[in-house]
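Dumped query_10.cif below, it's mmCIF, C-alpha atoms:
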data_final
#
loop_
_atom_site.label_atom_id
_atom_site.label_comp_id
_atom_site.auth_asym_id
_atom_site.auth_seq_id
_atom_site.Cartn_x
_atom_site.Cartn_y
_atom_site.Cartn_z
CA MET A 1 82.86 150.84 90.74
CA PHE A 2 83.26 147.08 91.25
CA GLU A 3 81.16 144.82 93.43
CA LEU A 4 83.26 142.68 95.75
CA ASP A 5 81.83 139.32 96.84
CA LEU A 6 83.62 138.15 99.99
CA GLN A 7 82.45 134.57 99.40
CA TYR A 8 85.21 134.26 96.78
CA PHE A 9 87.71 134.44 99.63
CA ALA A 10 85.88 131.99 101.90
CA LYS A 11 87.07 128.43 102.28
CA GLU A 12 85.11 125.84 100.35
CA GLY A 13 82.52 123.90 102.25
CA PRO A 14 78.77 123.54 102.60
CA GLY A 15 77.28 125.90 105.12
CA GLY A 16 79.73 128.79 104.88
CA GLU A 17 83.30 129.38 105.95
CA LYS A 18 85.23 126.65 107.74
CA THR A 19 85.84 128.21 111.13
CA GLU A 20 85.21 125.32 113.55
CA PRO A 21 87.98 122.95 114.74
CA ALA A 22 87.67 119.40 113.46
CA THR A 23 85.73 117.00 115.64
CA ASP A 24 87.19 113.72 116.90
CA LYS A 25 85.16 111.83 114.31
CA LYS A 26 86.49 114.01 111.48
CA LYS A 27 90.06 113.43 112.67
CA GLU A 28 89.45 109.69 112.97
CA ASP A 29 87.99 109.53 109.45
CA ALA A 30 90.97 111.46 108.10
CA ARG A 31 93.32 109.08 109.90
CA LYS A 32 91.61 106.09 108.29
CA GLU A 33 92.16 107.71 104.88
CA GLY A 34 95.86 108.10 105.67
CA GLN A 35 95.70 111.88 106.15
CA VAL A 36 98.08 112.84 108.96
CA ALA A 37 100.25 115.78 109.96
CA LYS A 38 103.69 114.57 108.99
CA SER A 39 106.93 116.23 107.92
CA LYS A 40 109.18 114.27 105.58
CA GLU A 41 111.84 116.92 106.09
CA LEU A 42 112.00 116.19 109.84
CA SER A 43 112.37 112.44 109.32
CA GLY A 44 115.12 112.90 106.72
CA ALA A 45 116.95 115.52 108.79
CA ILE A 46 117.06 113.46 112.00
CA SER A 47 118.09 110.31 110.10
CA LEU A 48 120.85 112.20 108.27
CA PHE A 49 122.10 113.86 111.46
CA ALA A 50 122.16 110.55 113.38
CA MET A 51 123.96 108.73 110.55
CA PHE A 52 126.68 111.36 110.17
CA LEU A 53 127.12 111.59 113.95
CA LEU A 54 127.54 107.81 114.15
CA LEU A 55 129.94 107.93 111.22
CA LYS A 56 132.09 110.55 112.98
CA ILE A 57 132.26 108.38 116.13
CA TYR A 58 133.16 105.14 114.33
CA ILE A 59 135.07 106.54 111.35
CA GLY A 60 138.34 105.14 112.77
CA ASN A 61 137.00 101.59 113.09
CA LEU A 62 135.37 101.90 109.67
CA GLY A 63 138.68 102.94 108.10
CA ILE A 64 140.51 100.03 109.72
CA SER A 65 137.82 97.64 108.43
CA PHE A 66 138.13 99.02 104.89
CA ILE A 67 141.92 98.64 104.99
CA LYS A 68 141.52 95.08 106.25
CA VAL A 69 139.09 94.19 103.46
CA PHE A 70 141.37 95.78 100.87
CA SER A 71 144.42 93.94 102.24
CA GLU A 72 142.66 90.57 102.27
CA SER A 73 141.33 91.10 98.76
CA TYR A 74 144.75 92.20 97.50
CA ASN A 75 146.44 89.15 99.03
CA ARG A 76 143.94 86.86 97.30
CA ILE A 77 144.78 88.15 93.83
CA PRO A 78 147.13 85.19 93.20
CA GLU A 79 144.25 82.82 93.93
CA ILE A 80 142.11 84.22 91.13
CA THR A 81 144.77 84.45 88.48
CA THR A 82 146.52 81.81 86.49
CA LEU A 83 149.66 81.73 84.41
CA ASN A 84 147.77 79.89 81.73
CA GLU A 85 147.43 82.62 79.07
CA GLY A 86 147.00 85.22 81.88
CA MET A 87 143.24 84.59 82.09
CA ILE A 88 141.18 85.16 85.30
CA ILE A 89 139.32 82.12 86.58
CA SER A 90 135.71 83.32 86.61
CA LYS A 91 134.45 81.12 89.46
CA GLN A 92 137.24 82.14 91.82
CA PHE A 93 136.87 85.79 90.85
CA ALA A 94 133.11 85.70 91.51
CA GLY A 95 133.71 84.13 94.91
CA VAL A 96 136.23 86.82 95.91
CA MET A 97 133.97 89.64 94.68
CA ASN A 98 131.00 88.21 96.59
CA ARG A 99 133.16 88.09 99.70
CA ILE A 100 134.22 91.74 99.25
CA ILE A 101 130.60 92.87 98.73
CA VAL A 102 129.41 91.00 101.84
CA ASP A 103 132.21 92.51 103.95
CA ILE A 104 131.41 96.04 102.76
CA LEU A 105 127.68 95.54 103.40
CA MET A 106 128.41 94.26 106.92
CA MET A 107 130.45 97.41 107.60
CA LEU A 108 127.66 99.66 106.31
CA LEU A 109 124.83 97.68 107.94
CA PRO A 110 124.97 99.48 111.35
CA PHE A 111 124.67 102.88 109.65
CA LEU A 112 121.78 101.76 107.46
CA ALA A 113 120.05 100.16 110.46
CA VAL A 114 120.43 103.33 112.54
CA ALA A 115 119.05 105.47 109.69
CA PHE A 116 116.06 103.15 109.26
CA ALA A 117 115.37 102.90 113.01
CA VAL A 118 115.58 106.65 113.53
CA ALA A 119 113.28 107.35 110.57
CA PHE A 120 110.78 104.76 111.84
CA VAL A 121 110.77 106.18 115.37
CA VAL A 122 110.40 109.77 114.13
CA ASP A 123 107.43 108.81 111.94
CA LEU A 124 105.92 106.88 114.84
CA VAL A 125 106.22 109.90 117.13
CA GLN A 126 104.65 112.17 114.50
CA VAL A 127 101.65 110.06 113.47
CA LYS A 128 101.42 107.27 116.10
CA TRP A 129 100.95 103.61 115.16
CA LYS A 130 97.84 103.02 113.10
CA PRO A 131 98.70 101.58 109.67
CA THR A 132 96.22 101.83 106.82
CA ALA A 133 96.26 100.75 103.18
CA LYS A 134 93.85 103.47 102.00
CA PRO A 135 96.56 105.78 100.54
CA MET A 136 97.80 102.88 98.37
CA GLN A 137 94.39 102.34 96.78
CA PRO A 138 94.06 103.82 93.26
CA LYS A 139 91.90 106.95 93.00
CA PHE A 140 90.69 107.88 89.53
CA SER A 141 89.96 111.42 90.73
CA LYS A 142 93.71 112.03 90.74
CA LEU A 143 93.71 111.51 86.96
CA ASP A 144 91.59 114.63 86.46
CA PRO A 145 93.87 117.10 84.60
CA THR A 146 92.09 120.19 85.99
CA LYS A 147 92.69 119.06 89.57
CA GLY A 148 96.26 118.19 88.67
CA ILE A 149 96.86 121.73 87.39
CA LYS A 150 95.32 123.16 90.59
CA ARG A 151 97.63 121.02 92.71
CA LEU A 152 100.59 122.12 90.59
CA PHE A 153 99.98 125.77 91.46
CA SER A 154 98.73 125.20 95.01
CA MET A 155 100.15 126.69 98.19
CA GLU A 156 101.56 123.28 99.11
CA LYS A 157 103.65 123.12 95.93
CA LEU A 158 104.83 126.68 96.52
CA MET A 159 105.98 125.75 100.03
CA ASP A 160 107.78 122.67 98.65
CA LEU A 161 109.58 124.88 96.13
CA LEU A 162 110.58 127.36 98.84
CA LYS A 163 111.86 124.53 101.04
CA SER A 164 113.92 123.09 98.16
CA VAL A 165 115.45 126.49 97.36
CA LEU A 166 116.14 127.07 101.06
CA LYS A 167 117.82 123.69 101.45
CA ILE A 168 120.03 124.17 98.38
CA THR A 169 120.99 127.66 99.55
CA ILE A 170 121.86 126.48 103.06
CA ILE A 171 123.82 123.45 101.85
CA GLY A 172 125.77 125.62 99.41
CA TYR A 173 126.51 128.26 102.03
CA MET A 174 127.54 125.74 104.70
CA ALA A 175 129.83 123.94 102.25
CA TYR A 176 131.39 127.21 101.10
CA SER A 177 131.91 128.57 104.64
CA THR A 178 133.39 125.28 105.90
CA LEU A 179 135.80 124.93 103.00
CA LYS A 180 136.75 128.59 103.36
CA ASP A 181 137.56 128.09 107.07
CA GLU A 182 139.54 124.93 106.34
CA ALA A 183 141.32 126.30 103.27
CA GLY A 184 144.64 126.55 105.12
CA GLN A 185 144.59 122.85 106.04
CA LEU A 186 143.52 121.79 102.56
CA PHE A 187 146.72 123.25 101.11
CA LEU A 188 148.69 120.99 103.47
CA LEU A 189 147.27 117.86 101.84
CA TYR A 190 150.06 117.94 99.20
CA ASP A 191 152.74 117.46 101.88
CA MET A 192 150.92 114.72 103.86
CA GLN A 193 151.03 110.98 103.57
CA LEU A 194 148.00 109.30 102.05
CA VAL A 195 146.49 108.01 105.33
CA SER A 196 146.93 111.36 107.11
CA ALA A 197 145.53 113.25 104.13
CA LEU A 198 142.48 111.00 103.96
CA ASN A 199 141.95 111.37 107.71
CA LEU A 200 142.07 115.17 107.51
CA PHE A 201 139.85 115.34 104.45
CA GLY A 202 137.34 112.92 106.06
CA ASN A 203 137.12 115.04 109.22
CA ILE A 204 136.51 118.18 107.17
CA VAL A 205 133.77 116.50 105.15
CA LEU A 206 132.11 114.99 108.24
CA ASN A 207 132.16 118.28 110.16
CA MET A 208 130.59 119.99 107.17
CA ALA A 209 127.95 117.25 106.88
CA ILE A 210 127.05 117.48 110.59
CA LYS A 211 126.67 121.28 110.36
CA ILE A 212 124.44 120.92 107.30
CA SER A 213 122.38 118.21 109.04
CA ALA A 214 121.93 120.41 112.14
CA VAL A 215 120.60 123.29 110.03
CA TYR A 216 118.47 120.83 108.05
CA LEU A 217 117.06 119.61 111.37
CA ILE A 218 115.90 123.14 112.21
CA ILE A 219 114.20 123.31 108.81
CA GLY A 220 112.51 119.97 109.56
CA ILE A 221 111.17 121.19 112.91
CA VAL A 222 109.78 124.35 111.32
CA ASP A 223 108.23 122.26 108.54
CA TYR A 224 106.60 119.93 111.07
CA VAL A 225 105.02 122.90 112.89
CA TYR A 226 103.76 124.19 109.54
CA GLN A 227 102.41 120.78 108.49
CA LYS A 228 100.60 120.43 111.83
CA HIS A 229 99.03 123.88 111.44
CA LYS A 230 98.10 123.24 107.81
CA PHE A 231 96.57 119.85 108.67
CA ASN A 232 94.36 121.39 111.38
CA GLU A 233 93.35 124.21 109.04
CA ASP A 234 92.46 121.79 106.23
CA LEU A 235 90.30 119.71 108.59
CA LYS A 236 88.33 122.67 109.88
CA MET A 237 84.57 122.40 109.48
CA THR A 238 81.70 124.80 108.95
CA LYS A 239 79.09 125.27 111.66
CA GLN A 240 76.62 123.40 109.48
CA GLU A 241 78.96 120.41 109.09
CA VAL A 242 79.40 120.21 112.86
CA LYS A 243 75.62 120.28 113.36
CA ASP A 244 75.06 117.62 110.68
CA GLU A 245 77.70 115.36 112.18
CA TRP A 246 76.21 115.75 115.64
CA LYS A 247 72.73 114.97 114.30
CA ASN A 248 73.98 111.88 112.46
CA ALA A 249 75.78 110.63 115.54
CA GLU A 250 72.76 111.22 117.77
CA GLY A 251 70.40 109.71 115.24
CA ASP A 252 72.41 106.54 114.71
CA PRO A 253 70.30 103.74 116.25
CA GLN A 254 73.38 101.68 117.07
CA ILE A 255 75.00 104.54 118.97
CA LYS A 256 71.78 105.37 120.81
CA GLY A 257 71.27 101.69 121.60
CA LYS A 258 74.77 101.38 123.03
CA GLN A 259 74.25 104.55 125.08
CA ARG A 260 70.99 103.21 126.50
CA GLN A 261 72.63 99.88 127.25
CA ARG A 262 75.51 101.53 129.11
CA MET A 263 73.11 103.72 131.09
CA GLN A 264 70.97 100.72 132.00
CA GLU A 265 73.99 98.71 133.10
CA ALA A 266 75.28 101.57 135.24
CA SER A 267 71.84 102.08 136.80
CA ARG A 268 71.53 98.35 137.47
CA ARG A 269 74.93 98.22 139.19
CA ARG A 270 74.03 101.17 141.42
CA MET A 271 70.69 99.56 142.24
CA MET A 272 72.26 96.22 143.18
CA GLN A 273 74.71 98.03 145.45
CA GLU A 274 71.77 99.53 147.38
CA ILE A 275 70.08 96.18 148.14
CA PRO A 276 72.08 95.53 151.37
CA LYS A 277 70.44 98.66 152.81
CA ALA A 278 66.89 97.34 152.24
CA ASP A 279 64.55 96.42 155.10
CA VAL A 280 62.47 93.98 153.06
CA VAL A 281 62.07 92.56 149.55
CA ILE A 282 58.47 92.11 148.39
CA THR A 283 58.04 89.47 145.64
CA ASN A 284 55.44 88.11 143.23
CA PRO A 285 57.20 85.54 143.95
CA THR A 286 58.79 84.71 140.55
CA HIS A 287 58.05 87.64 138.25
CA PHE A 288 58.62 90.75 140.39
CA ALA A 289 60.84 91.79 143.28
CA VAL A 290 60.84 95.20 144.99
CA ALA A 291 63.31 96.19 147.73
CA VAL A 292 61.92 98.73 150.24
CA LYS A 293 63.75 100.88 152.78
CA TYR A 294 62.30 102.96 155.64
CA ASP A 295 64.58 105.67 157.04
CA THR A 296 63.01 108.76 158.60
CA GLU A 297 66.28 110.67 158.18
CA VAL A 298 66.06 110.23 154.42
CA ALA A 299 62.29 110.39 153.74
CA PRO A 300 59.09 110.53 155.83
CA ALA A 301 57.70 107.40 154.10
CA PRO A 302 59.19 104.07 152.94
CA PHE A 303 60.83 104.28 149.51
CA VAL A 304 61.90 101.84 146.76
CA ILE A 305 65.67 101.30 146.40
CA ALA A 306 65.59 98.41 143.89
CA LYS A 307 63.11 96.64 141.66
CA GLY A 308 63.25 94.10 138.86
CA GLU A 309 61.34 91.67 136.71
CA ASP A 310 62.06 87.99 135.94
CA PHE A 311 65.88 87.53 135.76
CA LEU A 312 66.61 90.80 137.58
CA ALA A 313 64.02 89.88 140.23
CA ALA A 314 65.88 86.61 140.84
CA LYS A 315 69.17 88.52 141.19
CA ILE A 316 67.58 90.88 143.74
CA LYS A 317 66.40 87.92 145.80
CA GLU A 318 69.85 86.35 145.61
CA GLU A 319 71.44 89.54 146.91
CA ALA A 320 68.83 89.77 149.65
CA ALA A 321 69.63 86.21 150.74
CA LYS A 322 73.35 87.06 150.95
CA TYR A 323 72.66 89.82 153.49
CA ASP A 324 69.84 88.04 155.39
CA ILE A 325 67.22 90.51 154.21
CA GLU A 326 63.64 89.30 154.70
CA VAL A 327 61.85 88.27 151.47
CA VAL A 328 58.05 88.50 151.74
CA GLU A 329 55.63 87.18 149.14
CA ASN A 330 52.74 89.51 148.28
CA LYS A 331 51.71 89.24 144.65
CA PRO A 332 49.35 92.24 144.27
CA LEU A 333 51.54 94.57 146.35
CA ALA A 334 54.71 93.58 144.46
CA ARG A 335 52.99 94.22 141.13
CA MET A 336 51.60 97.59 142.30
CA LEU A 337 54.97 98.74 143.60
CA TYR A 338 56.81 97.63 140.47
CA TYR A 339 54.54 99.43 138.02
CA ASN A 340 53.67 102.56 140.04
CA VAL A 341 56.75 103.52 142.08
CA GLU A 342 60.04 104.64 140.49
CA LEU A 343 63.47 103.94 141.95
CA GLY A 344 64.16 106.27 144.87
CA ALA A 345 60.50 107.38 145.04
CA GLN A 346 58.37 107.14 148.17
CA ILE A 347 55.49 104.70 148.56
CA PRO A 348 52.16 106.33 147.56
CA GLN A 349 49.70 107.01 150.37
CA GLU A 350 47.20 104.34 149.25
CA LEU A 351 49.86 101.64 149.78
CA TYR A 352 51.04 102.87 153.21
CA SER A 353 49.03 100.39 155.23
CA ALA A 354 50.02 97.32 153.20
CA VAL A 355 53.74 98.19 153.33
CA ALA A 356 53.53 99.19 156.99
CA GLU A 357 52.10 95.77 157.95
CA ILE A 358 54.97 93.98 156.19
CA LEU A 359 57.58 96.24 157.81
CA ALA A 360 56.02 95.69 161.23
CA VAL A 361 56.29 91.92 160.83
CA VAL A 362 59.91 92.22 159.67
CA TYR A 363 60.86 94.47 162.63
CA ASN A 364 59.19 92.09 165.10
CA LYS A 365 61.13 89.13 163.68
CA ARG A 366 64.40 91.06 164.10
CA GLU A 367 63.59 91.95 167.71
CA THR A 368 62.65 88.40 168.65
CA ALA A 369 65.75 87.04 166.89
#

What is this structure when it is put down as structure tokens?
Amino acid sequence: MFELDLQYFAKEGPGGEKTEPATDKKKEDARKEGQVAKSKELSGAISLFAMFLLLKIYIGNLGISFIKVFSESYNRIPEITTLNEGMIISKQFAGVMNRIIVDILMMLLPFLAVAFAVAFVVDLVQVKWKPTAKPMQPKFSKLDPTKGIKRLFSMEKLMDLLKSVLKITIIGYMAYSTLKDEAGQLFLLYDMQLVSALNLFGNIVLNMAIKISAVYLIIGIVDYVYQKHKFNEDLKMTKQEVKDEWKNAEGDPQIKGKQRQRMQEASRRRMMQEIPKADVVITNPTHFAVAVKYDTEVAPAPFVIAKGEDFLAAKIKEEAAKYDIEVVENKPLARMLYYNVELGAQIPQELYSAVAEILAVVYNKRETA
């Protein structure tokens, strides 16, 4: 009764459904735009867990430091008061308060530093180090109310809502279960001294906080796996997009030029490494140089192992001089070999006699030497 168009369920994108994994270029472009697979929940959970764990280890020293600050501040009360009409001297009071604030900040500094360092390291592990200012740049497209409404009811917002509800539920349950288990000790607080009561209450609160942080850490790990999966899914490309990107990359004259340059450099290095094996180098003498090798085990006729023009010809002759390879001047033969014989190819039959004469002279010189 109703026609069903499956294209309504396909992912948006030119060229059909996005089924292909993102290419390296697509991932690099996304990285430049500040789009990375990152879980804020994981960073917050690890930082919270590390801070509470550190607090549990050093809670004794922290309590002693607080008592010391309180005692020093209490003992300095006479310094900031005067009998003259019972007024507080503002300058002395400000100095004492500044001192108290500095002492408290110095006590809290290690915990804040650990939280910051852990959060930084976790983010670094998730997204690696490649800062960009693109996400901070204003985008007027975000002011579009229709897109804002779509984002409001998107799957991402739904997942954020579920995570928030899950976190509140877990925190409430962990707090309730911990207090329920420690209910017997809480009733003993009325019969304890202040220091003992504070110590007991602090341990209960810290144990509860560490349990909540551990569960929160599991939520963060699950969220990171989800964010990684969602990021890869969002970056997927259609077959047409992959083809277009490949065509653009292949058609880029700069890329093709760099590829040709690298291939030429590699070929030139291999060619220069073969020069020590040559029997003779035939030159123009300044414009062309062709290195020839005769080895019956490799080929039935002499073959070219290196050739070059101008600067490269001079380099070939320099290499030949290093290894005491004979350099023979023959302008027409050097030109013919350079233009008509490729690297690794055998000498054509019409040039046999000319090359053979040169090789014979070279071999005779070696025997007489």

Do you know which residues the PyMOL selection byres ((chain A and resi 343) around 9) returns on this file, as a ChimeraX atom specification?
/A:271,303-307,341-342,344-346

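The shell of residues at most 6 Å from stretch 333-339 of chain A, with all atoms listed in the file counted and near chain neighbours (fewer than 3 positions) removed, consists of Ile282, Thr283, Asn284 and Asn330 of chain A.
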
Min atom-atom distance to A:Ile170 from the set A:Leu217, A:Ala197, A:Val292, A:Leu206, counting all atoms listed in the file, belongs to A:Leu217

Tell me, as a PDB file with C-alpha atoms, in the coordinates of the input, which residues lie within 6 Å of stretch 234-245 of chain A, counting all atoms listed in the file; anything in the same chain fewer than 2 positions away does not count.
ATOM      1  CA  GLY A  15      77.280 125.900 105.120  1.00  0.00           C
ATOM      2  CA  GLU A  17      83.300 129.380 105.950  1.00  0.00           C
ATOM      3  CA  LYS A  18      85.230 126.650 107.740  1.00  0.00           C
ATOM      4  CA  THR A  19      85.840 128.210 111.130  1.00  0.00           C
ATOM      5  CA  GLU A  20      85.210 125.320 113.550  1.00  0.00           C
ATOM      6  CA  PRO A  21      87.980 122.950 114.740  1.00  0.00           C
ATOM      7  CA  ALA A  22      87.670 119.400 113.460  1.00  0.00           C
ATOM      8  CA  PHE A 231      96.570 119.850 108.670  1.00  0.00           C
ATOM      9  CA  ASN A 232      94.360 121.390 111.380  1.00  0.00           C
ATOM     10  CA  LYS A 247      72.730 114.970 114.300  1.00  0.00           C
ATOM     11  CA  ASN A 248      73.980 111.880 112.460  1.00  0.00           C
TER      12      ASN A 248
END

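Here atom CA of A:Leu312 and atom CA of A:Phe288 stand 8.5 Å from one another.
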
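When the PyMOL selection byres ((chain A and resi 219) around 10) is evaluated against the file, it yields A:Glu41, A:Leu42, A:Ala45, A:Lys163, A:Leu166, A:Lys167, A:Ser213, A:Ala214, A:Val215, A:Tyr216, A:Leu217, A:Ile218, A:Gly220, A:Ile221, A:Val222, A:Asp223, A:Tyr224.
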
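Here atom CA of A:Ile325 and atom CA of A:Arg270 stand 18.0 Å from one another.
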
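In this model, the gap between atom CA of A:Ile347 and atom CA of A:Ala314 comes to 22.2 Å.
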
Exactly which residues make up the result of the PyMOL selection byres ((chain A and resi 278) around 10) on this file, given as a PyMOL selection string?
chain A and resi 274-277+279-281+290-295+303-306+320+323+325-326

I'd like the contact shell of A:Glu156 - 10 Å cut-off, only C-alpha atoms, skipping same-chain residues fewer than 5 positions apart - returned as a PyMOL selection string.
chain A and resi 151+161-162+227+230

Need to verify the contact set: A:Ala117, 12 Å, all atoms listed in the file, exclusion of same-chain residues closer than 4 positions in sequence. Can you return it as a count of residues only?
16

When you look at A:Met174 with a cut-off of 8 Å (counting only C-alpha atoms), what residues show up, excluding the ones that are within fewer than 2 positions of it in the same chain? I need them as number ranges by chain.
A: 170-172, 176-178, 208, 211-212

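If you measure from each of A:Leu179, A:Met97, A:Ala299, A:Ala360 to A:Val205 using all atoms listed in the file, the closest one turns out to be A:Leu179.
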
Would you place a box with edges along x, y and z of the file around all atoms of stretch 32-43 of chain A listed there, add 8 Å to each of its six sides, and report the centre and edge lengths in Å to one decimal, as AutoDock Vina command-line options?
--center_x 102.0 --center_y 111.5 --center_z 107.4 --size_x 36.8 --size_y 26.8 --size_z 21.1

For A:Phe49, which residue out of A:Val125, A:Ala209, A:Val355, A:Ala30 is the nearest one, using all atoms listed in the file?
A:Ala209
